[in-house]
file final-v8.pdb (PDB, C-alpha atoms, pLDDT in the B column)
ATOM      1  CA  MET A  45     -14.725  61.648   0.319  1.00 47.00           C
ATOM      2  CA  SER A  46     -11.975  64.181   0.589  1.00 50.00           C
ATOM      3  CA  MET A  47      -8.404  63.449   1.601  1.00 58.00           C
ATOM      4  CA  THR A  48      -9.048  64.789   5.119  1.00 70.00           C
ATOM      5  CA  ASN A  49     -11.207  61.741   5.928  1.00 74.00           C
ATOM      6  CA  THR A  50     -13.652  63.420   8.292  1.00 83.00           C
ATOM      7  CA  PHE A  51     -16.193  60.819   9.268  1.00 82.00           C
ATOM      8  CA  ARG A  52     -19.503  61.951  10.715  1.00 87.00           C
ATOM      9  CA  ASN A  53     -21.140  58.555  11.195  1.00 91.00           C
ATOM     10  CA  ILE A  54     -20.691  54.822  10.688  1.00 92.00           C
ATOM     11  CA  GLU A  55     -22.007  54.994   7.112  1.00 91.00           C
ATOM     12  CA  ASP A  56     -19.131  57.318   6.178  1.00 90.00           C
ATOM     13  CA  VAL A  57     -16.665  54.811   7.607  1.00 92.00           C
ATOM     14  CA  GLN A  58     -18.310  51.927   5.762  1.00 93.00           C
ATOM     15  CA  LEU A  59     -18.347  53.896   2.516  1.00 93.00           C
ATOM     16  CA  ARG A  60     -14.644  54.705   2.832  1.00 92.00           C
ATOM     17  CA  LYS A  61     -13.903  51.072   3.679  1.00 94.00           C
ATOM     18  CA  GLU A  62     -15.644  49.912   0.496  1.00 95.00           C
ATOM     19  CA  GLU A  63     -13.784  52.528  -1.580  1.00 94.00           C
ATOM     20  CA  LEU A  64     -10.464  51.331  -0.194  1.00 95.00           C
ATOM     21  CA  ARG A  65     -11.402  47.687  -0.700  1.00 97.00           C
ATOM     22  CA  GLY A  66     -12.205  48.425  -4.366  1.00 97.00           C
ATOM     23  CA  ALA A  67      -8.924  50.285  -4.868  1.00 97.00           C
ATOM     24  CA  ILE A  68      -6.977  47.434  -3.267  1.00 97.00           C
ATOM     25  CA  GLU A  69      -8.745  44.882  -5.453  1.00 97.00           C
ATOM     26  CA  GLN A  70      -7.976  46.888  -8.617  1.00 97.00           C
ATOM     27  CA  ARG A  71      -4.296  47.149  -7.698  1.00 97.00           C
ATOM     28  CA  SER A  72      -4.185  43.470  -6.807  1.00 97.00           C
ATOM     29  CA  ASN A  73      -5.634  42.544 -10.192  1.00 97.00           C
ATOM     30  CA  ALA A  74      -3.136  44.805 -11.969  1.00 96.00           C
ATOM     31  CA  ILE A  75      -0.232  43.215 -10.083  1.00 96.00           C
ATOM     32  CA  ALA A  76      -1.550  39.721 -10.834  1.00 96.00           C
ATOM     33  CA  ASN A  77      -1.780  40.550 -14.551  1.00 95.00           C
ATOM     34  CA  LEU A  78       1.757  41.939 -14.617  1.00 93.00           C
ATOM     35  CA  TRP A  79       3.072  38.901 -12.746  1.00 92.00           C
ATOM     36  CA  THR A  80       1.366  36.580 -15.219  1.00 91.00           C
ATOM     37  CA  GLU A  81       2.912  38.477 -18.143  1.00 88.00           C
ATOM     38  CA  LEU A  82       6.365  38.265 -16.601  1.00 85.00           C
ATOM     39  CA  THR A  83       6.284  34.590 -15.670  1.00 84.00           C
ATOM     40  CA  THR A  84       4.545  32.987 -18.644  1.00 85.00           C
ATOM     41  CA  VAL A  85       6.841  31.415 -21.195  1.00 75.00           C
ATOM     42  CA  LYS A  86       6.302  32.815 -24.639  1.00 75.00           C
ATOM     43  CA  LYS A  87       6.409  30.220 -27.385  1.00 76.00           C
ATOM     44  CA  SER A  88       8.513  31.143 -30.390  1.00 70.00           C
ATOM     45  CA  ASP A  89       8.195  29.569 -33.802  1.00 77.00           C
ATOM     46  CA  ASP A  90      11.659  30.674 -34.917  1.00 85.00           C
ATOM     47  CA  LYS A  91      14.340  27.940 -34.775  1.00 88.00           C
ATOM     48  CA  GLY A  92      17.066  30.453 -33.948  1.00 89.00           C
ATOM     49  CA  GLU A  93      15.168  31.750 -30.932  1.00 85.00           C
ATOM     50  CA  MET A  94      14.499  28.178 -29.811  1.00 84.00           C
ATOM     51  CA  VAL A  95      18.193  27.278 -29.967  1.00 89.00           C
ATOM     52  CA  ALA A  96      19.167  30.511 -28.225  1.00 89.00           C
ATOM     53  CA  GLY A  97      16.638  29.742 -25.479  1.00 85.00           C
ATOM     54  CA  ILE A  98      18.010  26.228 -24.989  1.00 90.00           C
ATOM     55  CA  ILE A  99      21.580  27.551 -24.801  1.00 94.00           C
ATOM     56  CA  SER A 100      20.521  30.288 -22.380  1.00 93.00           C
ATOM     57  CA  LYS A 101      18.753  27.794 -20.105  1.00 93.00           C
ATOM     58  CA  GLY A 102      21.773  25.499 -20.206  1.00 95.00           C
ATOM     59  CA  ILE A 103      24.098  28.311 -19.218  1.00 96.00           C
ATOM     60  CA  MET A 104      21.760  29.323 -16.379  1.00 94.00           C
ATOM     61  CA  ALA A 105      21.629  25.724 -15.115  1.00 96.00           C
ATOM     62  CA  PHE A 106      25.426  25.449 -15.236  1.00 97.00           C
ATOM     63  CA  ASP A 107      25.775  28.770 -13.417  1.00 97.00           C
ATOM     64  CA  ALA A 108      23.331  27.625 -10.729  1.00 96.00           C
ATOM     65  CA  VAL A 109      25.272  24.393 -10.210  1.00 97.00           C
ATOM     66  CA  MET A 110      28.538  26.308  -9.914  1.00 97.00           C
ATOM     67  CA  VAL A 111      27.077  28.759  -7.385  1.00 96.00           C
ATOM     68  CA  VAL A 112      25.623  25.946  -5.275  1.00 94.00           C
ATOM     69  CA  SER A 113      28.887  24.014  -5.304  1.00 94.00           C
ATOM     70  CA  LYS A 114      30.858  27.118  -4.336  1.00 94.00           C
ATOM     71  CA  LEU A 115      28.455  27.909  -1.492  1.00 92.00           C
ATOM     72  CA  TYR A 116      28.521  24.293  -0.296  1.00 90.00           C
ATOM     73  CA  ARG A 117      32.333  24.245  -0.271  1.00 90.00           C
ATOM     74  CA  ARG A 118      32.443  27.488   1.675  1.00 89.00           C
ATOM     75  CA  TYR A 119      29.523  26.927   4.070  1.00 88.00           C
ATOM     76  CA  GLY A 120      29.049  23.138   3.889  1.00 81.00           C
ATOM     77  CA  LYS A 121      30.314  22.614   7.397  1.00 80.00           C
ATOM     78  CA  LEU A 122      27.160  24.309   8.684  1.00 79.00           C
ATOM     79  CA  PHE A 123      25.011  21.508   7.267  1.00 74.00           C
ATOM     80  CA  LYS A 124      27.071  18.511   8.367  1.00 75.00           C
ATOM     81  CA  LYS A 125      26.039  16.578  11.440  1.00 70.00           C
ATOM     82  CA  LYS A 126      28.283  16.907  14.418  1.00 68.00           C
ATOM     83  CA  ARG A 127      29.542  13.743  16.075  1.00 65.00           C
ATOM     84  CA  ARG A 128      28.760  13.146  19.691  1.00 66.00           C
ATOM     85  CA  ARG A 129      31.506  11.661  21.772  1.00 63.00           C
TER      86      ARG A 129
END
call {"tool": "encode", "arguments": {"input": "final-v8.pdb", "output": "structure tokens"}}
result
Amino acid sequence: MSMTNTFRNIEDVQLRKEELRGAIEQRSNAIANLWTELTTVKKSDDKGEMVAGIISKGIMAFDAVMVVSKLYRRYGKLFKKKRRR
């Protein structure tokens, strides 16, 4: 089909629908593959990389705790129950 999408009958519409469904499925599979590559943890056999990874994860955990505590101190009053008199 051309980019003008002139449909003469229902078969043309169904054909275009199947073409689009195939294109969407291909893009979905490509995105899923990229997501899997990004999120899978790569095992390293090198001791230096292992230690660097442990230190990096520790620093990230510490940073997350500090951010949460700062946010709780600043906005904690939003989450406390109010007393009824």
call {"tool": "closest_residue", "arguments": {"input": "final-v8.pdb", "among": "A:Ala67, A:Val85, A:Ala76, A:Val57", "to": "Gly97 of chain A", "atoms": "only C-alpha atoms"}}
result
A:Val85
call {"tool": "atom_distance", "arguments": {"input": "final-v8.pdb", "atom1": "atom CA of Phe106 of chain A", "atom2": "atom CA of Thr83 of chain A"}}
result
21.2 Å
call {"tool": "atom_distance", "arguments": {"input": "final-v8.pdb", "atom1": "atom CA of Ile75 of chain A", "atom2": "atom CA of Gln58 of chain A"}}
result
25.6 Å
call {"tool": "atom_distance", "arguments": {"input": "final-v8.pdb", "atom1": "atom CA of Val111 of chain A", "atom2": "atom CA of Lys86 of chain A"}}
result
27.3 Å
call {"tool": "build_atoms", "arguments": {"input": "final-v8.pdb", "residues": "segment 69-86 of chain A", "atoms": "N, CA and C atoms", "output": "PDB file, in the frame of the given file"}}
result
ATOM      1  N   GLU A  69      -8.449  45.976  -4.520  1.00 97.00           N
ATOM      2  CA  GLU A  69      -8.745  44.882  -5.453  1.00 97.00           C
ATOM      3  C   GLU A  69      -8.271  45.220  -6.866  1.00 97.00           C
ATOM      4  N   GLN A  70      -8.449  46.482  -7.294  1.00 97.00           N
ATOM      5  CA  GLN A  70      -7.976  46.888  -8.617  1.00 97.00           C
ATOM      6  C   GLN A  70      -6.460  46.775  -8.715  1.00 97.00           C
ATOM      7  N   ARG A  71      -5.768  47.237  -7.689  1.00 97.00           N
ATOM      8  CA  ARG A  71      -4.296  47.149  -7.698  1.00 97.00           C
ATOM      9  C   ARG A  71      -3.828  45.704  -7.650  1.00 97.00           C
ATOM     10  N   SER A  72      -4.541  44.889  -6.890  1.00 97.00           N
ATOM     11  CA  SER A  72      -4.185  43.470  -6.807  1.00 97.00           C
ATOM     12  C   SER A  72      -4.346  42.789  -8.161  1.00 97.00           C
ATOM     13  N   ASN A  73      -5.425  43.118  -8.858  1.00 97.00           N
ATOM     14  CA  ASN A  73      -5.634  42.544 -10.192  1.00 97.00           C
ATOM     15  C   ASN A  73      -4.563  43.018 -11.162  1.00 97.00           C
ATOM     16  N   ALA A  74      -4.177  44.285 -11.078  1.00 96.00           N
ATOM     17  CA  ALA A  74      -3.136  44.805 -11.969  1.00 96.00           C
ATOM     18  C   ALA A  74      -1.809  44.108 -11.704  1.00 96.00           C
ATOM     19  N   ILE A  75      -1.474  43.907 -10.434  1.00 96.00           N
ATOM     20  CA  ILE A  75      -0.232  43.215 -10.083  1.00 96.00           C
ATOM     21  C   ILE A  75      -0.269  41.770 -10.563  1.00 96.00           C
ATOM     22  N   ALA A  76      -1.420  41.110 -10.390  1.00 96.00           N
ATOM     23  CA  ALA A  76      -1.550  39.721 -10.834  1.00 96.00           C
ATOM     24  C   ALA A  76      -1.376  39.617 -12.349  1.00 96.00           C
ATOM     25  N   ASN A  77      -1.937  40.563 -13.089  1.00 95.00           N
ATOM     26  CA  ASN A  77      -1.780  40.550 -14.551  1.00 95.00           C
ATOM     27  C   ASN A  77      -0.333  40.762 -14.954  1.00 95.00           C
ATOM     28  N   LEU A  78       0.348  41.708 -14.305  1.00 93.00           N
ATOM     29  CA  LEU A  78       1.757  41.939 -14.617  1.00 93.00           C
ATOM     30  C   LEU A  78       2.600  40.726 -14.280  1.00 93.00           C
ATOM     31  N   TRP A  79       2.326  40.087 -13.149  1.00 92.00           N
ATOM     32  CA  TRP A  79       3.072  38.901 -12.746  1.00 92.00           C
ATOM     33  C   TRP A  79       2.872  37.781 -13.761  1.00 92.00           C
ATOM     34  N   THR A  80       1.650  37.616 -14.226  1.00 91.00           N
ATOM     35  CA  THR A  80       1.366  36.580 -15.219  1.00 91.00           C
ATOM     36  C   THR A  80       2.124  36.861 -16.512  1.00 91.00           C
ATOM     37  N   GLU A  81       2.156  38.123 -16.936  1.00 88.00           N
ATOM     38  CA  GLU A  81       2.912  38.477 -18.143  1.00 88.00           C
ATOM     39  C   GLU A  81       4.393  38.189 -17.995  1.00 88.00           C
ATOM     40  N   LEU A  82       4.935  38.452 -16.812  1.00 85.00           N
ATOM     41  CA  LEU A  82       6.365  38.265 -16.601  1.00 85.00           C
ATOM     42  C   LEU A  82       6.758  36.793 -16.515  1.00 85.00           C
ATOM     43  N   THR A  83       5.893  35.971 -15.951  1.00 84.00           N
ATOM     44  CA  THR A  83       6.284  34.590 -15.670  1.00 84.00           C
ATOM     45  C   THR A  83       5.851  33.586 -16.724  1.00 84.00           C
ATOM     46  N   THR A  84       4.956  33.949 -17.631  1.00 85.00           N
ATOM     47  CA  THR A  84       4.545  32.987 -18.644  1.00 85.00           C
ATOM     48  C   THR A  84       5.613  32.874 -19.719  1.00 85.00           C
ATOM     49  N   VAL A  85       5.840  31.673 -20.159  1.00 75.00           N
ATOM     50  CA  VAL A  85       6.841  31.415 -21.195  1.00 75.00           C
ATOM     51  C   VAL A  85       6.191  31.669 -22.549  1.00 75.00           C
ATOM     52  N   LYS A  86       6.836  32.485 -23.325  1.00 75.00           N
ATOM     53  CA  LYS A  86       6.302  32.815 -24.639  1.00 75.00           C
ATOM     54  C   LYS A  86       6.869  31.836 -25.667  1.00 75.00           C
TER      55      LYS A  86
END
